[in-house]
Amino acid sequence: MITLILLLGCEDMRKAATIAVPTIEDYKPSWARPVACDENRVAVPATKKRAFSDRLSCDINQKEPITIEGTTKGGAKLMGDGFYQKAACTPQRTNFYRNSPEAMYQLHVAPNTLVEIRLDSNCADLDPFAYRWERTSPPTEKHARVSDECEMDIHQGDGKVVVTTVANEQTYLIGVDGKDGAEGNFRMTIVCRSYR
């Protein structure tokens with residue numbers, strides 16, 4: 001058995017494991033399809049007037065997930081621990097995010113829709129977030145309590161956040177931020193389906 005493991009590289013082992021046990025890919029997606037860490041990707045940094053690089057739409061009629069192959073390298077450093085804690089994205093002040101660039105997108109969600117935002121980030125310790133925010137400009141710490149909804153997965157490695165709408169459509173600022181200055185390439189997959 002050890003000889004077999006030595007003959008197969010780590011990458012081959014990950015692929016073999018996800019084929020043998022398909023639910024591993026649901027739990028750890030970047031094992032089956034790792035993000036290309038050395039690939040040069042162009043970041044579109046946020047500015048004080050525009051928080052996001054792309055506008056996306058999500059409704060229950062979407063058959064295919066939205067996939068973003070992005071990077072936080074070269075992104076702005078507009079968000080941080082103070083904002084995330086005051087907006088109740090993170091349970092406590094962590095001092096993780098103050099020196100890390102973000103990649104952010106605006107997501108318009110139709111009524112009665114459940115949205116699963118999954119992040120694959122085998123290149124760096126990056127975390128996904130979703131903050132209900134309709135403005136074009138990025139939120140600051142003074143805006144942190146304006147919205148009553150913020151979700152963030154702060155666990156190490158790949159992460160996932162889920163947001164839902166009911167009778168009304170909602171707009172979210174979704175994005176990727178790194179811990180302790182971490183930056184790198186990522187894959188964000190957005191799946192939209194009927195909520196009620």
# chains A, B, ... in the order shown; residues from 1 in each chain; ligands from 1
$ residues_around --residues "Tyr97 (chain A)" --least-positions-apart "5" --cutoff "6 Å" --atoms "only C-alpha atoms" --output "ChimeraX atom specification"
/A:80-81,179-180
$ residues_around --residues "Ile174 (chain A)" --least-positions-apart "2" --cutoff "9 Å" --atoms "only C-alpha atoms" --output "PyMOL selection string"
chain A and resi 52+103-107+117+128-132+172+176
$ write_last_selection --atoms "C-alpha atoms" --output "PDB file, in the first residue's frame"
ATOM      1  CA  PHE A  52     -17.165  45.417  -7.109  1.00  0.00           C
ATOM      2  CA  ALA A 103     -12.057  40.592  -4.634  1.00  0.00           C
ATOM      3  CA  MET A 104     -15.704  41.728  -4.590  1.00  0.00           C
ATOM      4  CA  TYR A 105     -18.780  41.311  -6.795  1.00  0.00           C
ATOM      5  CA  GLN A 106     -22.376  42.540  -6.705  1.00  0.00           C
ATOM      6  CA  LEU A 107     -24.962  39.744  -6.704  1.00  0.00           C
ATOM      7  CA  ILE A 117     -21.589  30.546  -2.613  1.00  0.00           C
ATOM      8  CA  PRO A 128     -15.946  33.974   1.311  1.00  0.00           C
ATOM      9  CA  PHE A 129     -18.418  36.581   2.545  1.00  0.00           C
ATOM     10  CA  ALA A 130     -21.843  37.944   1.568  1.00  0.00           C
ATOM     11  CA  TYR A 131     -23.144  41.281   2.896  1.00  0.00           C
ATOM     12  CA  ARG A 132     -26.579  42.626   1.955  1.00  0.00           C
ATOM     13  CA  TYR A 172     -25.455  41.444  -1.927  1.00  0.00           C
ATOM     14  CA  VAL A 176     -13.229  36.857  -0.994  1.00  0.00           C
TER      15      VAL A 176
END
$ closest_residue --among "A:Asn122, A:Lys160, A:Pro138, A:Met188" --to "Pro34 (chain A)" --atoms "only C-alpha atoms"
A:Asn122
$ closest_residue --among "A:Glu169, A:Asp177, A:Glu134, A:Asp127" --to "Asp153 (chain A)" --atoms "only C-alpha atoms"
A:Asp127
$ closest_residue --among "A:Phe83, A:Arg193, A:Val162, A:Leu173" --to "Ala144 (chain A)" --atoms "only C-alpha atoms"
A:Phe83
$ atom_distance --atom1 "CA of Thr90 (chain A)" --atom2 "CA of Thr140 (chain A)"
15.6 Å
$ closest_residue --among "A:Lys63, A:Arg187, A:Lys86, A:Lys77" --to "Thr47 (chain A)" --atoms "only C-alpha atoms"
A:Lys77
$ closest_residue --among "A:Ala36, A:Cys58, A:Leu78, A:Ala46" --to "Glu116 (chain A)" --atoms "only C-alpha atoms"
A:Cys58
$ select_by_dssp --residues "region 6-195 of chain A" --states "helix (DSSP H, G or I)" --output "ChimeraX atom specification"
/A:6-7,10-20,23-27,29-32,81-86,141-143
$ write_last_selection --atoms "N, CA, C and O atoms" --output "CSV table (one decimal), in the first residue's frame"
chain,number,residue,atom,x,y,z
A,6,LEU,N,3.4,6.0,-2.8
A,6,LEU,CA,4.6,6.7,-3.3
A,6,LEU,C,4.6,6.8,-4.8
A,6,LEU,O,5.2,7.7,-5.4
A,7,LEU,N,4.1,5.8,-5.5
A,7,LEU,CA,4.0,5.8,-6.9
A,7,LEU,C,3.0,6.9,-7.4
A,7,LEU,O,3.3,7.5,-8.5
A,10,CYS,N,0.6,13.3,-4.8
A,10,CYS,CA,-0.5,13.8,-4.0
A,10,CYS,C,-1.7,14.2,-4.8
A,10,CYS,O,-2.8,13.9,-4.5
A,11,GLU,N,-1.4,14.8,-6.0
A,11,GLU,CA,-2.5,15.3,-6.8
A,11,GLU,C,-3.3,14.1,-7.3
A,11,GLU,O,-4.5,14.1,-7.3
A,12,ASP,N,-2.6,13.0,-7.8
A,12,ASP,CA,-3.3,11.9,-8.2
A,12,ASP,C,-4.1,11.2,-7.1
A,12,ASP,O,-5.2,10.7,-7.4
A,13,MET,N,-3.6,11.2,-5.9
A,13,MET,CA,-4.3,10.6,-4.8
A,13,MET,C,-5.6,11.4,-4.5
A,13,MET,O,-6.6,10.8,-4.2
A,14,ARG,N,-5.5,12.7,-4.6
A,14,ARG,CA,-6.7,13.5,-4.4
A,14,ARG,C,-7.8,13.2,-5.4
A,14,ARG,O,-8.9,13.0,-5.1
A,15,LYS,N,-7.4,13.1,-6.7
A,15,LYS,CA,-8.3,12.8,-7.7
A,15,LYS,C,-8.9,11.4,-7.5
A,15,LYS,O,-10.1,11.2,-7.7
A,16,ALA,N,-8.0,10.5,-7.2
A,16,ALA,CA,-8.5,9.1,-7.0
A,16,ALA,C,-9.5,9.0,-5.8
A,16,ALA,O,-10.5,8.3,-5.9
A,17,ALA,N,-9.2,9.8,-4.7
A,17,ALA,CA,-10.1,9.8,-3.6
A,17,ALA,C,-11.4,10.4,-3.9
A,17,ALA,O,-12.5,9.9,-3.5
A,18,THR,N,-11.5,11.5,-4.7
A,18,THR,CA,-12.8,12.1,-5.0
A,18,THR,C,-13.6,11.2,-6.0
A,18,THR,O,-14.8,11.3,-6.0
A,19,ILE,N,-12.9,10.4,-6.8
A,19,ILE,CA,-13.6,9.4,-7.7
A,19,ILE,C,-14.2,8.3,-6.8
A,19,ILE,O,-15.3,7.9,-7.0
A,20,ALA,N,-13.4,7.8,-5.9
A,20,ALA,CA,-13.8,6.7,-5.0
A,20,ALA,C,-14.9,7.1,-4.1
A,20,ALA,O,-15.8,6.3,-3.8
A,23,THR,N,-18.6,12.2,-2.4
A,23,THR,CA,-19.0,13.3,-1.5
A,23,THR,C,-17.8,14.1,-1.0
A,23,THR,O,-17.9,15.2,-0.5
A,24,ILE,N,-16.6,13.6,-1.2
A,24,ILE,CA,-15.4,14.3,-0.8
A,24,ILE,C,-15.3,15.6,-1.6
A,24,ILE,O,-15.0,16.7,-1.1
A,25,GLU,N,-15.7,15.5,-2.9
A,25,GLU,CA,-15.7,16.7,-3.8
A,25,GLU,C,-16.6,17.8,-3.3
A,25,GLU,O,-16.3,19.0,-3.4
A,26,ASP,N,-17.8,17.4,-2.7
A,26,ASP,CA,-18.7,18.3,-2.1
A,26,ASP,C,-18.1,19.0,-0.9
A,26,ASP,O,-18.3,20.2,-0.7
A,27,TYR,N,-17.3,18.2,-0.1
A,27,TYR,CA,-16.7,18.8,1.1
A,27,TYR,C,-15.5,19.5,0.8
A,27,TYR,O,-15.2,20.6,1.4
A,29,PRO,N,-13.9,20.7,-2.6
A,29,PRO,CA,-13.9,20.7,-4.1
A,29,PRO,C,-12.6,20.9,-4.7
A,29,PRO,O,-12.3,20.3,-5.8
A,30,SER,N,-11.7,21.6,-4.1
A,30,SER,CA,-10.4,21.9,-4.8
A,30,SER,C,-9.5,20.6,-4.8
A,30,SER,O,-8.5,20.6,-5.5
A,31,TRP,N,-9.9,19.6,-4.1
A,31,TRP,CA,-9.1,18.3,-4.3
A,31,TRP,C,-9.3,17.7,-5.7
A,31,TRP,O,-8.3,17.3,-6.3
A,32,ALA,N,-10.5,17.7,-6.2
A,32,ALA,CA,-10.7,17.1,-7.5
A,32,ALA,C,-10.3,18.1,-8.6
A,32,ALA,O,-9.8,17.6,-9.6
A,81,ASP,N,-11.2,43.7,9.9
A,81,ASP,CA,-11.8,43.1,11.1
A,81,ASP,C,-12.9,44.0,11.7
A,81,ASP,O,-13.9,43.5,12.2
A,82,GLY,N,-12.6,45.3,11.8
A,82,GLY,CA,-13.6,46.2,12.4
A,82,GLY,C,-14.9,46.1,11.7
A,82,GLY,O,-16.0,46.0,12.4
A,83,PHE,N,-14.9,46.1,10.4
A,83,PHE,CA,-16.2,46.0,9.6
A,83,PHE,C,-16.8,44.7,9.9
A,83,PHE,O,-18.0,44.6,10.2
A,84,TYR,N,-16.1,43.6,9.7
A,84,TYR,CA,-16.6,42.3,9.8
A,84,TYR,C,-17.2,42.0,11.1
A,84,TYR,O,-18.3,41.3,11.2
A,85,GLN,N,-16.6,42.5,12.2
A,85,GLN,CA,-17.1,42.2,13.5
A,85,GLN,C,-18.4,43.1,13.8
A,85,GLN,O,-19.4,42.6,14.2
A,86,LYS,N,-18.4,44.4,13.4
A,86,LYS,CA,-19.5,45.2,13.7
A,86,LYS,C,-20.7,44.8,12.8
A,86,LYS,O,-21.9,45.0,13.2
A,141,GLU,N,-16.8,50.9,8.1
A,141,GLU,CA,-17.2,50.5,9.4
A,141,GLU,C,-18.4,51.2,9.9
A,141,GLU,O,-19.3,50.7,10.6
A,142,LYS,N,-18.6,52.5,9.5
A,142,LYS,CA,-19.8,53.2,9.9
A,142,LYS,C,-21.1,52.7,9.2
A,142,LYS,O,-22.2,52.9,9.7
A,143,HIS,N,-21.0,51.9,8.1
A,143,HIS,CA,-22.1,51.3,7.5
A,143,HIS,C,-22.4,49.9,8.0
A,143,HIS,O,-23.3,49.2,7.6
$ select_by_dssp --residues "region 88-133 of chain A" --states "strand (DSSP E or B)" --output "PyMOL selection string"
chain A and resi 102-109+113-120+126-132
$ write_last_selection --atoms "N, CA and C atoms" --output "PDB file, in the first residue's frame"
ATOM      1  N   GLU A 102      -9.064  42.281  -1.152  1.00  0.00           N
ATOM      2  CA  GLU A 102     -10.313  41.559  -1.430  1.00  0.00           C
ATOM      3  C   GLU A 102     -10.581  41.538  -2.938  1.00  0.00           C
ATOM      4  N   ALA A 103     -11.432  40.604  -3.308  1.00  0.00           N
ATOM      5  CA  ALA A 103     -12.057  40.592  -4.634  1.00  0.00           C
ATOM      6  C   ALA A 103     -13.553  40.610  -4.352  1.00  0.00           C
ATOM      7  N   MET A 104     -14.285  41.579  -4.927  1.00  0.00           N
ATOM      8  CA  MET A 104     -15.704  41.728  -4.590  1.00  0.00           C
ATOM      9  C   MET A 104     -16.562  41.839  -5.844  1.00  0.00           C
ATOM     10  N   TYR A 105     -17.813  41.354  -5.699  1.00  0.00           N
ATOM     11  CA  TYR A 105     -18.780  41.311  -6.795  1.00  0.00           C
ATOM     12  C   TYR A 105     -20.146  41.696  -6.240  1.00  0.00           C
ATOM     13  N   GLN A 106     -20.995  42.257  -7.105  1.00  0.00           N
ATOM     14  CA  GLN A 106     -22.376  42.540  -6.705  1.00  0.00           C
ATOM     15  C   GLN A 106     -23.252  41.407  -7.226  1.00  0.00           C
ATOM     16  N   LEU A 107     -24.084  40.861  -6.340  1.00  0.00           N
ATOM     17  CA  LEU A 107     -24.962  39.744  -6.704  1.00  0.00           C
ATOM     18  C   LEU A 107     -26.409  40.152  -6.451  1.00  0.00           C
ATOM     19  N   HIS A 108     -27.192  40.191  -7.515  1.00  0.00           N
ATOM     20  CA  HIS A 108     -28.623  40.489  -7.421  1.00  0.00           C
ATOM     21  C   HIS A 108     -29.370  39.150  -7.352  1.00  0.00           C
ATOM     22  N   VAL A 109     -30.162  38.962  -6.301  1.00  0.00           N
ATOM     23  CA  VAL A 109     -30.844  37.686  -6.070  1.00  0.00           C
ATOM     24  C   VAL A 109     -32.364  37.891  -6.185  1.00  0.00           C
ATOM     25  N   THR A 113     -35.296  32.663  -3.520  1.00  0.00           N
ATOM     26  CA  THR A 113     -34.105  32.005  -4.053  1.00  0.00           C
ATOM     27  C   THR A 113     -33.122  31.692  -2.929  1.00  0.00           C
ATOM     28  N   LEU A 114     -32.557  30.500  -2.970  1.00  0.00           N
ATOM     29  CA  LEU A 114     -31.476  30.116  -2.073  1.00  0.00           C
ATOM     30  C   LEU A 114     -30.188  30.145  -2.887  1.00  0.00           C
ATOM     31  N   VAL A 115     -29.175  30.788  -2.346  1.00  0.00           N
ATOM     32  CA  VAL A 115     -27.905  30.933  -3.042  1.00  0.00           C
ATOM     33  C   VAL A 115     -26.806  30.306  -2.188  1.00  0.00           C
ATOM     34  N   GLU A 116     -26.080  29.390  -2.793  1.00  0.00           N
ATOM     35  CA  GLU A 116     -24.917  28.791  -2.143  1.00  0.00           C
ATOM     36  C   GLU A 116     -23.679  29.319  -2.847  1.00  0.00           C
ATOM     37  N   ILE A 117     -22.815  29.972  -2.076  1.00  0.00           N
ATOM     38  CA  ILE A 117     -21.589  30.546  -2.613  1.00  0.00           C
ATOM     39  C   ILE A 117     -20.433  29.716  -2.061  1.00  0.00           C
ATOM     40  N   ARG A 118     -19.783  28.966  -2.942  1.00  0.00           N
ATOM     41  CA  ARG A 118     -18.718  28.061  -2.521  1.00  0.00           C
ATOM     42  C   ARG A 118     -17.376  28.587  -3.018  1.00  0.00           C
ATOM     43  N   LEU A 119     -16.390  28.597  -2.134  1.00  0.00           N
ATOM     44  CA  LEU A 119     -15.058  29.080  -2.462  1.00  0.00           C
ATOM     45  C   LEU A 119     -14.060  27.941  -2.427  1.00  0.00           C
ATOM     46  N   ASP A 120     -13.306  27.782  -3.501  1.00  0.00           N
ATOM     47  CA  ASP A 120     -12.181  26.850  -3.553  1.00  0.00           C
ATOM     48  C   ASP A 120     -10.920  27.706  -3.535  1.00  0.00           C
ATOM     49  N   LEU A 126      -8.111  31.873   2.130  1.00  0.00           N
ATOM     50  CA  LEU A 126      -9.088  32.885   1.751  1.00  0.00           C
ATOM     51  C   LEU A 126     -10.462  32.492   2.272  1.00  0.00           C
ATOM     52  N   ASP A 127     -11.308  33.498   2.518  1.00  0.00           N
ATOM     53  CA  ASP A 127     -12.638  33.252   3.069  1.00  0.00           C
ATOM     54  C   ASP A 127     -13.705  33.985   2.262  1.00  0.00           C
ATOM     55  N   PRO A 128     -14.853  33.321   2.024  1.00  0.00           N
ATOM     56  CA  PRO A 128     -15.946  33.974   1.311  1.00  0.00           C
ATOM     57  C   PRO A 128     -16.841  34.765   2.268  1.00  0.00           C
ATOM     58  N   PHE A 129     -17.448  35.829   1.752  1.00  0.00           N
ATOM     59  CA  PHE A 129     -18.418  36.581   2.545  1.00  0.00           C
ATOM     60  C   PHE A 129     -19.545  37.072   1.645  1.00  0.00           C
ATOM     61  N   ALA A 130     -20.690  37.355   2.261  1.00  0.00           N
ATOM     62  CA  ALA A 130     -21.843  37.944   1.568  1.00  0.00           C
ATOM     63  C   ALA A 130     -22.477  38.952   2.521  1.00  0.00           C
ATOM     64  N   TYR A 131     -22.596  40.192   2.080  1.00  0.00           N
ATOM     65  CA  TYR A 131     -23.144  41.281   2.896  1.00  0.00           C
ATOM     66  C   TYR A 131     -24.259  41.940   2.091  1.00  0.00           C
ATOM     67  N   ARG A 132     -25.455  42.006   2.680  1.00  0.00           N
ATOM     68  CA  ARG A 132     -26.579  42.626   1.955  1.00  0.00           C
ATOM     69  C   ARG A 132     -26.294  44.118   1.822  1.00  0.00           C
TER      70      ARG A 132
END
